[in-house]
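Trainee: Before I ask anything, let me first share the structure, which is written out below as C-alpha cells.
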Amino acid sequence: AEITLQPDQSKAISDKLMGIFFEDISYAADGGLYGELIQNRDFEYDPIDKKYNDPNWNAQMAWSTDGDLDWEIRTDEPIHENNPHYASLNVTGKNAALRNLGWDGIPLQAGASYDLSFFARRPDGRGTLTARLVAPDGSVLAEQRVRSIGKSWTKLTTTFAPERGIDSAQLELRFDKPGRIDLDMISLFPQETFMGRKNGLRKDLAQTIADLNPKFVRFPGGCVAHGDGLANMYRWENTIGPLESRVPQRNLWNYHQTAGLGYFEYFQFCEDIDALPIPVVPAGVPCQNSIMGGHGQQCGVPMEDMDEYVQSVLNLIEYANGPADSEWGKKRAEAGHPEPFNLQYLGVGNEDLITDIFEERFRMIYEAIGARYPEITVIGTTGPFYMGTDYEEGWELARELDIPMVDEHYYVPPGWMVNNQDFYDKYDRNGPKVYLGEYAAHLPGRPMNVETALSEALYLTAVERNGDVVEMTSFAPLLAKEGKTNWNPDLIYFTNTEVKKTVDYYVQQLYGQNAGNEYIPSQVNLSDGNRDVRERVGVSVVRDEATGDVILRMANLLPVAVTASVDPAGLDLRGSATLHVLQGDPTDRDATPTTSEIELGSEVTYEMPAYSFSVIRVAAG
Ligand code: AHR
C-alpha cells in the first residue's frame with residue numbers, strides 16, 4: 001500500500017474523543033468499582049430489587065447468624081428515614097454471632113489495613129462486641145474489641161490488620177452479653193482505595209480505567225440514569241451527603257444500588273483521573289417513557305411537578321460549579337470539596353423514545369439550563385439508528401432546538417463497522433455535534449476478541465477522520481463482574497480479586513494514550529483495488545499539539561500482511577518513534593499489544609501484520 005500524507009489539508013479535531021461510559025450494570029458499582037466489602041451493609045435489600053422473584057433476596061440477604069440469638073429487621077427509630085431498615089438482635093447467651101459473606105467472600109490482602117465502621121445501640125444498657133475477620137474454616141485473621149455501645153445510635157469504628165491474605169473471608173460480630181442490640185450501616189473498606197479516598201474506589205479497577213487515559217467519564221448510565229419507572233429515575237440529590245442519609249434503590253438491572261458511589265464520588269473520580277465529568281440526568285421520563293410492567297403505558301414526570309424537577313437539574317449544576325457559599329455548592333464544600341468540579345457538559349435523557357411526553361419535558365429542562373447556565377453544553381439523545389424512528393426524530397428535535405450535541409448509541413456486528421466507515425462523512429458540519437456515547441462490535445455469542453477489537457480500531461480511524469463533527473466517543477458497557485453479567489460484551493471483566501482486560505480494552509487504550517487534536521488526511525492506495533479489500537485497511541494520522549508528536553494508526557483486517565510505504569509529503573517523521581502492535585487470530589481473546597522503539601528515516605516503510613492494529617508515535621523532532 002502507498003500512504004500519502006496531506007499535511008497541507010490538516011484540520012482541527014476534538015481533543016476529547018476518547019472517554020468512558022460508566023453504568024452500574026453487571027455489578028459495576030456495588031460489588032465492583034465501589035470499594036465497600038460488605039454486601040447489604042444497610043439492610044435495605046428489598047424483594048422489589050428483583051424483576052423475577054428470588055426468595056433469598058430480602059433485607060437479611062448476605063447475612064447469617066450463629067449461636068444464642070435470634071434477629072429481625074426493624075424500622076422503628078432508624079438512624080435516618082432514608083435508611084429505614086436495620087438489624088435488631090436478641091442475644092440470649094454468651095455465644096452469639098452475626099456474619100456477613102461480602103460479595104461472595106471478602107478478599108483480604110496481607111499487610112493491608114481495613115476500616116470497620118457501624119452504627120449500634122443497646123436500648124437496655126451499655127455493651128461491647130468483638131469484631132473479627134474469619135476464614136471459611138473459622139480461623140480468626142484479625143480481631144478487635146469495640147466498646148461504648150450506648151442507648152442511642154452511635155457510629156463506632158476500628159481497624160483490622162489481618163495477619164494473612166485470603167480471597168474469601170467473612171466479617172463476624174460476636175456478642176457475649178444477653179439483651180437487644182441494634183446494628184446498621186456495617187461497613188468495611190480497605191484503607192488503600194484509589195488515591196486513598198475515604199468511601200473510595202477499588203484500587204486495581206479504578207487504575208485500569210485511569211490507564212485508558214479517558215478525557216471524560218459519562219455516568220451513571222445508560223438505562224440506570226432514567227430508570228424503568230418514575231420512581232426508579234436516578235435522582236442525583238439522593239446520592240450525596242452522609243451515607244446513611246442517601247436513598248438506596250432498586251437497580252433496574254435486577255439488583256440493588258446503595259448510592260454509596262454517588263455524585264460526589266463520581267465527580268471526585270473524574271477529577272482524580274483528570275477527566276471531564278459528563279453526568280446524564282433523566283429528561284423527565286423513564287426508559288421507553290414507560291412504567292415497568294405498565295404494558296406500554298406512557299408516562300413522564302407529571303407536568304405539575306416539572307418545575308421542581310427542572311430545579312433539581314439546575315441544582316446539580318450549582319452543586320458542581322456554584323460557589324462554596326451557594327445553597328448547593330455548600331453541600332459540595334461540606335463533603336470536602338470547596339472548589340468547583342468544572343462541569344461543562346450535561347446529558348439530558350438516555351436513548352429515549354422521542355414522544356410528545358419526552359419532547360415537552362426535554363424542552364423545559366433544555367430551555368431552563370440555557371437561560372440560567374448558557375455556558376453548559378447540553379447533550380441531547382437519540383435512539384439507535386436501527387430501532388424505529390427515534391434516531392431520525394431525535395436528530396430532528398436537535399436541529400429544531402439547536403441542541404449543541406447529540407448522544408448516539410449503536411451495537412453492531414463487526415461487518416457493519418467495516419462497511420460503514422463513511423457513516424459520519426455524511427453528517428452536517430454545521431449541525432449539532434455527535435457524542436457516540438455507547439457502541440461496541442457484537443458477534444453472535446458476544447465474545448470480545450481480535451475480530452471485534454480490530455473492527456472497532458478500524459471504525460475509530462473513520463471516526464477520527466470525522467473528529468470535527470464527532471466530539472466524544474465511549475465504548476459500552478465498561479465493567480462487568482464475572483458471574484453477574486447483565487450484558488455482554490463489556491470492556492473490562494473482573495472478579496473480587498482479578499481484573500481481566502479484553503482485547504478491545506487495548507484498542508481503547510492505544511487511542512486514549514495516543515490522542516491527537518489535529519487530523520492529517522492521508523491517501524491510501526492498495527495494489528488490490530477491490531472494495532472489500534480496501535475497506536479492511538484503515539489509516540488515520542493525527543498530531544498532538546501539546547507534545548508535537550505525530551501518531552499514525554493503521555488497522556489491517558486482511559488475512560495477509562500489507563506493506564505500506566508512507567510518503568510524508570513534507571512532514572518530518574525522521575527520528576525515534578514508539579511502535580505498538582496488537583495482532584492475533586480473529587478468534588483470539590487474549591491478544592495483548594507489544595511495544596518497541598524504532599527509528600524512522602526519510603522514507604518510511606512499515607509492514608502491517610495480518611489482522612493487526614499498529615500505532616506509531618513519532619516524537620516531535
Ligand atoms: O449499555 C447497556 C445499555 O444499552 C444501556 O443501559 C442503554 O443505554 C443501552 O440500551
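Note on naming: chains are A, B, ... as they come in the C-alpha cells, residues start from 1 per chain, ligands start from 1 in the order shown.
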Can you check which residues of region 110-282 of chain A DSSP gives as strand (DSSP E or B) on the backbone and send them as a PyMOL selection string?
Mentor: chain A and resi 114-121+127-134+140-149+154-160+166-175+179-190+201+216-219+249-251+255-257+276-281
Trainee: Report as a tab-separated table the residues of chain A within 10 Å of ligand 1, each with its shortest atom pair and distance in Å (one decimal), using only C-alpha atoms and all ligand atoms, ordered by chain and increasing residue number.
Mentor:
```
residue	atom	partner	partner_atom_place_in_ligand_line	distance
A:Phe21	CA	ligand 1	1 (O)	8.4
A:Phe22	CA	ligand 1	1 (O)	8.9
A:Glu23	CA	ligand 1	6 (O)	6.9
A:Asp24	CA	ligand 1	6 (O)	8.7
A:Ile25	CA	ligand 1	6 (O)	7.4
A:Ser26	CA	ligand 1	2 (C)	9.7
A:Pro220	CA	ligand 1	6 (O)	9.4
A:Gly221	CA	ligand 1	6 (O)	5.8
A:Gly222	CA	ligand 1	6 (O)	3.3
A:Cys223	CA	ligand 1	6 (O)	3.8
A:Val224	CA	ligand 1	6 (O)	6.2
A:Ala225	CA	ligand 1	6 (O)	8.0
A:His226	CA	ligand 1	8 (O)	9.1
A:Gly227	CA	ligand 1	6 (O)	9.4
A:Leu252	CA	ligand 1	6 (O)	9.4
A:Trp253	CA	ligand 1	6 (O)	8.7
A:Cys287	CA	ligand 1	8 (O)	8.9
A:Gly349	CA	ligand 1	8 (O)	9.7
A:Asn350	CA	ligand 1	8 (O)	6.0
A:Glu351	CA	ligand 1	8 (O)	5.8
A:Asp352	CA	ligand 1	8 (O)	8.7
A:Gly383	CA	ligand 1	10 (O)	8.6
A:Pro384	CA	ligand 1	10 (O)	8.5
A:Glu408	CA	ligand 1	8 (O)	9.7
A:His409	CA	ligand 1	9 (C)	7.2
A:Tyr410	CA	ligand 1	9 (C)	8.3
A:Tyr411	CA	ligand 1	4 (O)	8.3
A:Gly437	CA	ligand 1	8 (O)	8.7
A:Glu438	CA	ligand 1	1 (O)	6.4
A:Tyr439	CA	ligand 1	1 (O)	8.0
A:Ala440	CA	ligand 1	1 (O)	9.2
A:Phe475	CA	ligand 1	1 (O)	8.7
A:Ala476	CA	ligand 1	1 (O)	5.1
A:Pro477	CA	ligand 1	1 (O)	4.7
A:Leu478	CA	ligand 1	1 (O)	8.3
A:Asn486	CA	ligand 1	2 (C)	8.7
A:Trp487	CA	ligand 1	2 (C)	6.8
A:Asn488	CA	ligand 1	2 (C)	8.8
A:Pro489	CA	ligand 1	1 (O)	9.5
A:Asp490	CA	ligand 1	1 (O)	8.7
```
Trainee: Next, write the just-selected residues to a file, as a short mmCIF file (atom, residue, chain, number, x, y, z; two decimals), in the first residue's frame, keeping N, CA and C atoms as the atom set.
Mentor:
```cif
data_model
loop_
_atom_site.label_atom_id
_atom_site.label_comp_id
_atom_site.auth_asym_id
_atom_site.auth_seq_id
_atom_site.Cartn_x
_atom_site.Cartn_y
_atom_site.Cartn_z
N PHE A 21 -17.79 5.29 29.43
CA PHE A 21 -19.19 5.23 29.79
C PHE A 21 -19.29 4.34 31.02
N PHE A 22 -19.63 4.93 32.15
CA PHE A 22 -19.78 4.10 33.35
C PHE A 22 -21.25 3.95 33.67
N GLU A 23 -21.69 2.70 33.74
CA GLU A 23 -23.05 2.43 34.20
C GLU A 23 -22.99 1.37 35.28
N ASP A 24 -23.86 1.50 36.29
CA ASP A 24 -23.95 0.45 37.30
C ASP A 24 -24.79 -0.68 36.72
N ILE A 25 -24.12 -1.49 35.91
CA ILE A 25 -24.72 -2.66 35.27
C ILE A 25 -23.74 -3.80 35.57
N SER A 26 -24.24 -5.02 35.68
CA SER A 26 -23.36 -6.18 35.92
C SER A 26 -22.48 -5.99 37.16
N PRO A 220 -24.53 8.28 35.44
CA PRO A 220 -24.42 6.93 35.98
C PRO A 220 -24.99 5.87 35.04
N GLY A 221 -25.31 6.17 33.82
CA GLY A 221 -25.80 5.20 32.84
C GLY A 221 -26.00 5.91 31.56
N GLY A 222 -26.54 5.21 30.58
CA GLY A 222 -27.32 4.02 30.50
C GLY A 222 -28.72 4.10 31.11
N CYS A 223 -29.36 2.97 30.97
CA CYS A 223 -30.73 2.86 31.46
C CYS A 223 -30.84 3.20 32.94
N VAL A 224 -29.76 2.96 33.71
CA VAL A 224 -29.81 3.30 35.13
C VAL A 224 -30.09 4.80 35.32
N ALA A 225 -29.64 5.61 34.36
CA ALA A 225 -29.83 7.06 34.51
C ALA A 225 -31.31 7.43 34.51
N HIS A 226 -32.09 6.80 33.61
CA HIS A 226 -33.50 7.22 33.58
C HIS A 226 -34.44 6.24 34.25
N GLY A 227 -33.94 5.04 34.62
CA GLY A 227 -34.76 4.10 35.39
C GLY A 227 -35.90 3.52 34.58
N LEU A 252 -32.37 -1.26 38.02
CA LEU A 252 -33.21 -1.91 37.01
C LEU A 252 -32.52 -3.11 36.37
N TRP A 253 -31.21 -3.26 36.62
CA TRP A 253 -30.52 -4.46 36.11
C TRP A 253 -30.65 -5.62 37.09
N CYS A 287 -37.15 5.04 31.16
CA CYS A 287 -36.83 4.22 29.98
C CYS A 287 -38.07 3.91 29.15
N GLY A 349 -31.36 12.95 29.16
CA GLY A 349 -32.03 11.81 28.51
C GLY A 349 -31.05 10.76 28.05
N ASN A 350 -31.55 9.54 27.97
CA ASN A 350 -30.72 8.43 27.53
C ASN A 350 -31.51 7.56 26.57
N GLU A 351 -31.17 7.61 25.31
CA GLU A 351 -31.75 6.68 24.33
C GLU A 351 -33.27 6.61 24.48
N ASP A 352 -33.89 7.78 24.70
CA ASP A 352 -35.33 7.77 24.98
C ASP A 352 -36.17 7.65 23.71
N GLY A 383 -32.43 7.47 19.76
CA GLY A 383 -32.41 6.01 19.82
C GLY A 383 -31.39 5.51 18.80
N PRO A 384 -31.01 4.22 18.86
CA PRO A 384 -30.10 3.68 17.84
C PRO A 384 -30.74 3.76 16.46
N GLU A 408 -25.51 9.45 20.53
CA GLU A 408 -25.98 8.33 19.70
C GLU A 408 -25.49 7.01 20.28
N HIS A 409 -26.28 5.97 20.13
CA HIS A 409 -25.87 4.64 20.60
C HIS A 409 -26.06 3.63 19.48
N TYR A 410 -25.11 2.75 19.31
CA TYR A 410 -25.38 1.58 18.45
C TYR A 410 -24.44 0.42 18.74
N TYR A 411 -25.04 -0.75 18.78
CA TYR A 411 -24.30 -2.00 18.97
C TYR A 411 -24.47 -2.77 17.67
N GLY A 437 -22.05 7.88 22.40
CA GLY A 437 -22.00 7.57 23.82
C GLY A 437 -21.98 6.10 24.17
N GLU A 438 -22.51 5.26 23.28
CA GLU A 438 -22.47 3.81 23.51
C GLU A 438 -22.26 3.14 22.17
N TYR A 439 -21.27 2.29 22.10
CA TYR A 439 -21.09 1.48 20.90
C TYR A 439 -20.21 0.29 21.25
N ALA A 440 -20.31 -0.73 20.44
CA ALA A 440 -19.43 -1.90 20.55
C ALA A 440 -19.74 -2.79 19.36
N PHE A 475 -17.00 3.53 24.45
CA PHE A 475 -17.38 2.11 24.31
C PHE A 475 -18.34 1.77 25.46
N ALA A 476 -19.25 0.83 25.23
CA ALA A 476 -20.19 0.46 26.32
C ALA A 476 -20.52 -1.02 26.28
N PRO A 477 -20.82 -1.59 27.46
CA PRO A 477 -20.54 -1.06 28.78
C PRO A 477 -19.07 -1.24 29.17
N LEU A 478 -18.70 -0.58 30.27
CA LEU A 478 -17.30 -0.57 30.68
C LEU A 478 -16.92 -1.78 31.53
N ASN A 486 -25.14 -8.72 33.30
CA ASN A 486 -26.45 -8.48 32.70
C ASN A 486 -26.32 -8.33 31.20
N TRP A 487 -25.10 -8.14 30.73
CA TRP A 487 -24.91 -7.70 29.35
C TRP A 487 -23.50 -8.11 28.92
N ASN A 488 -23.39 -8.61 27.73
CA ASN A 488 -22.08 -8.90 27.14
C ASN A 488 -22.07 -8.34 25.72
N PRO A 489 -20.92 -7.97 25.19
CA PRO A 489 -19.63 -7.95 25.87
C PRO A 489 -19.42 -6.65 26.63
N ASP A 490 -18.40 -6.64 27.48
CA ASP A 490 -18.02 -5.47 28.26
C ASP A 490 -16.51 -5.26 28.08
#
```
Trainee: One number please: CA of Thr594 (chain A) to CA of Glu451 (chain A), in Å, one decimal.
Mentor: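 Straight-line distance from CA of Thr594 (chain A) to CA of Glu451 (chain A) works out to 17.7 Å.
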Trainee: For the contact check between region 124-213 of chain A and region 60-66 of chain A, emit one row per residue of region 124-213 of chain A within 10 Å, containing the shortest atom pair and the distance in Å rounded to one decimal, counting only C-alpha atoms, chain then rising number order, as a Markdown table.
Mentor:
```
| residue | atom | partner | partner_atom | distance |
| --- | --- | --- | --- | --- |
| A:Gln170 | CA | A:Trp63 | CA | 9.9 |
| A:Leu171 | CA | A:Trp63 | CA | 9.6 |
| A:Glu172 | CA | A:Thr65 | CA | 9.1 |
| A:Leu173 | CA | A:Thr65 | CA | 9.4 |
| A:Arg174 | CA | A:Asp66 | CA | 9.3 |
```
Trainee: Restricting the output to C-alpha atoms, write the selected residues as a CSV table (one decimal), in the first residue's frame.
Mentor:
```
chain,number,residue,atom,x,y,z
A,170,GLN,CA,-16.2,-13.1,56.3
A,171,LEU,CA,-16.9,-10.4,58.8
A,172,GLU,CA,-18.1,-11.7,62.2
A,173,LEU,CA,-19.6,-9.6,65.0
A,174,ARG,CA,-19.7,-11.6,68.3
```
Trainee: Give the alpha helix (DSSP H) residues of region 33-271 of chain A, as assigned by DSSP on the backbone, as a ChimeraX atom specification.
Mentor: /A:203-210,223-226,263-271
Trainee: Convert the current residue selection to file output with N, CA and C atoms, as an mmCIF file, in the first residue's frame.
Mentor:
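Final output, saved to result-v6.cif:
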```
data_model
loop_
_atom_site.group_PDB
_atom_site.id
_atom_site.type_symbol
_atom_site.label_atom_id
_atom_site.label_comp_id
_atom_site.auth_asym_id
_atom_site.auth_seq_id
_atom_site.Cartn_x
_atom_site.Cartn_y
_atom_site.Cartn_z
ATOM 1 N N LYS A 203 -8.967 -0.094 44.114
ATOM 2 C CA LYS A 203 -7.775 0.495 43.509
ATOM 3 C C LYS A 203 -7.428 -0.107 42.139
ATOM 4 N N ASP A 204 -7.417 -1.438 42.048
ATOM 5 C CA ASP A 204 -6.972 -2.047 40.787
ATOM 6 C C ASP A 204 -7.935 -1.734 39.642
ATOM 7 N N LEU A 205 -9.239 -1.737 39.959
ATOM 8 C CA LEU A 205 -10.217 -1.454 38.891
ATOM 9 C C LEU A 205 -10.144 0.010 38.457
ATOM 10 N N ALA A 206 -10.064 0.901 39.443
ATOM 11 C CA ALA A 206 -10.012 2.330 39.109
ATOM 12 C C ALA A 206 -8.748 2.628 38.309
ATOM 13 N N GLN A 207 -7.647 1.967 38.682
ATOM 14 C CA GLN A 207 -6.394 2.205 37.963
ATOM 15 C C GLN A 207 -6.498 1.701 36.518
ATOM 16 N N THR A 208 -7.170 0.565 36.346
ATOM 17 C CA THR A 208 -7.343 0.021 34.990
ATOM 18 C C THR A 208 -8.134 0.999 34.121
ATOM 19 N N ILE A 209 -9.101 1.656 34.731
ATOM 20 C CA ILE A 209 -9.879 2.670 33.999
ATOM 21 C C ILE A 209 -9.000 3.889 33.715
ATOM 22 N N ALA A 210 -8.273 4.331 34.743
ATOM 23 C CA ALA A 210 -7.420 5.512 34.563
ATOM 24 C C ALA A 210 -6.391 5.272 33.458
ATOM 25 N N CYS A 223 -29.357 2.966 30.969
ATOM 26 C CA CYS A 223 -30.732 2.861 31.460
ATOM 27 C C CYS A 223 -30.839 3.198 32.941
ATOM 28 N N VAL A 224 -29.757 2.964 33.710
ATOM 29 C CA VAL A 224 -29.805 3.301 35.133
ATOM 30 C C VAL A 224 -30.094 4.796 35.316
ATOM 31 N N ALA A 225 -29.638 5.610 34.363
ATOM 32 C CA ALA A 225 -29.828 7.057 34.510
ATOM 33 C C ALA A 225 -31.310 7.433 34.509
ATOM 34 N N HIS A 226 -32.088 6.803 33.613
ATOM 35 C CA HIS A 226 -33.500 7.217 33.579
ATOM 36 C C HIS A 226 -34.440 6.238 34.252
ATOM 37 N N TYR A 263 -22.971 10.947 43.426
ATOM 38 C CA TYR A 263 -22.490 12.032 42.568
ATOM 39 C C TYR A 263 -21.190 12.661 43.079
ATOM 40 N N PHE A 264 -21.025 12.787 44.382
ATOM 41 C CA PHE A 264 -19.768 13.361 44.873
ATOM 42 C C PHE A 264 -18.602 12.459 44.464
ATOM 43 N N GLU A 265 -18.785 11.156 44.655
ATOM 44 C CA GLU A 265 -17.702 10.212 44.352
ATOM 45 C C GLU A 265 -17.428 10.176 42.846
ATOM 46 N N TYR A 266 -18.469 10.277 42.039
ATOM 47 C CA TYR A 266 -18.252 10.304 40.582
ATOM 48 C C TYR A 266 -17.432 11.538 40.179
ATOM 49 N N PHE A 267 -17.854 12.692 40.705
ATOM 50 C CA PHE A 267 -17.123 13.922 40.361
ATOM 51 C C PHE A 267 -15.669 13.838 40.828
ATOM 52 N N GLN A 268 -15.496 13.304 42.021
ATOM 53 C CA GLN A 268 -14.138 13.210 42.573
ATOM 54 C C GLN A 268 -13.266 12.268 41.736
ATOM 55 N N PHE A 269 -13.867 11.172 41.311
ATOM 56 C CA PHE A 269 -13.109 10.230 40.469
ATOM 57 C C PHE A 269 -12.680 10.922 39.164
ATOM 58 N N CYS A 270 -13.602 11.665 38.562
ATOM 59 C CA CYS A 270 -13.267 12.379 37.320
ATOM 60 C C CYS A 270 -12.067 13.289 37.555
ATOM 61 N N GLU A 271 -12.120 14.017 38.654
ATOM 62 C CA GLU A 271 -11.019 14.929 38.948
ATOM 63 C C GLU A 271 -9.722 14.152 39.176
#
```
Trainee: Considering only C-alpha atoms, return as a ChimeraX atom specification whatever protein or nucleic-acid residues lie within 8 Å of region 178-186 of chain A, sequence-local ones (same chain, fewer than 4 positions apart) excluded.
Mentor: /A:38,41-43,79,85-94,116-124,244
Trainee: I need the chosen residues saved as a CSV table (one decimal), in the first residue's frame, with C-alpha atoms.
Mentor:
```csv
chain,number,residue,atom,x,y,z
A,38,ILE,CA,-19.8,-5.7,53.0
A,41,ARG,CA,-24.5,-3.1,54.7
A,42,ASP,CA,-27.6,-1.1,55.3
A,43,PHE,CA,-30.1,-4.0,55.4
A,79,ILE,CA,-30.7,6.2,62.0
A,85,HIS,CA,-34.3,-0.9,57.9
A,86,TYR,CA,-31.8,-2.1,60.5
A,87,ALA,CA,-30.9,-5.4,62.2
A,88,SER,CA,-32.2,-6.0,65.7
A,89,LEU,CA,-30.6,-8.9,67.5
A,90,ASN,CA,-32.0,-10.5,70.6
A,91,VAL,CA,-28.9,-12.1,72.3
A,92,THR,CA,-29.9,-14.8,74.7
A,93,GLY,CA,-26.5,-16.3,75.8
A,94,LYS,CA,-22.7,-15.8,75.7
A,116,LEU,CA,-14.7,-1.2,60.0
A,117,SER,CA,-17.5,1.2,60.9
A,118,PHE,CA,-21.1,0.6,62.0
A,119,PHE,CA,-23.9,2.2,63.9
A,120,ALA,CA,-25.1,0.4,67.0
A,121,ARG,CA,-27.3,0.9,70.0
A,122,ARG,CA,-28.4,-1.1,73.1
A,123,PRO,CA,-31.8,0.1,74.2
A,124,ASP,CA,-31.3,-1.9,77.5
A,244,GLU,CA,-26.8,6.8,56.0
```
Trainee: Which distance in Å separates CA of Gln311 (chain A) and CA of Asn232 (chain A), to one decimal?
Mentor: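 CA of Gln311 (chain A) sits 18.6 Å away from CA of Asn232 (chain A).
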Trainee: For Asp407 (chain A), please output as a PyMOL selection string all residues within 6 Å (counting only C-alpha atoms; exclusion window: fewer than 2 positions along the same chain).
Mentor: chain A and resi 380-381+435-437
Trainee: Could you check the closest approach to Val348 (chain A) for each of A:Gly516, A:Gly388, A:Gly284, A:Gly336 and tell me which residue wins, using only C-alpha atoms?
Mentor: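 Checking each candidate against Val348 (chain A), we get A:Gly284 as the closest.
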Trainee: Which polymer residues have any atom within 8 Å of an atom of Ala161 (chain A), counting only C-alpha atoms, with same-chain residues fewer than 3 positions away left out, as a list in words?
Mentor: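 The residues that qualify are Gly111, Ala112, Ser113, Tyr114 and Ala142 of chain A.
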Trainee: Measuring atom to atom with only C-alpha atoms, identify which of A:Glu163, A:Glu597, A:Glu339, A:Asp76 is nearest to Gln109 (chain A).
Mentor: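 The closest residue to Gln109 (chain A) is A:Glu163.
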Trainee: Quick one: residues within 9 Å of Ile357 (chain A), only C-alpha atoms, excluding same-chain residues fewer than 5 positions away - as a ChimeraX atom specification?
Mentor: /A:284-285,289,298-300,362
Trainee: Can you spit out the residues from that selection as a short mmCIF file (atom, residue, chain, number, x, y, z; two decimals), in the first residue's frame, using C-alpha atoms?
Mentor:
```cif
data_model
loop_
_atom_site.label_atom_id
_atom_site.label_comp_id
_atom_site.auth_asym_id
_atom_site.auth_seq_id
_atom_site.Cartn_x
_atom_site.Cartn_y
_atom_site.Cartn_z
CA GLY A 284 -38.27 13.81 32.96
CA VAL A 285 -39.16 10.41 31.51
CA ASN A 289 -41.28 6.54 28.68
CA GLN A 298 -46.58 6.06 28.63
CA CYS A 299 -45.51 8.28 31.48
CA GLY A 300 -43.35 11.21 32.44
CA PHE A 362 -36.89 17.89 27.40
#
```
Trainee: Compare A:Ala610, A:Val301, A:Ala462, A:Ile278 by their minimum atom-to-atom distance to Leu230 (chain A), counting only C-alpha atoms, and give me the closest one.
Mentor: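 The answer is A:Val301, which sits nearest to Leu230 (chain A).
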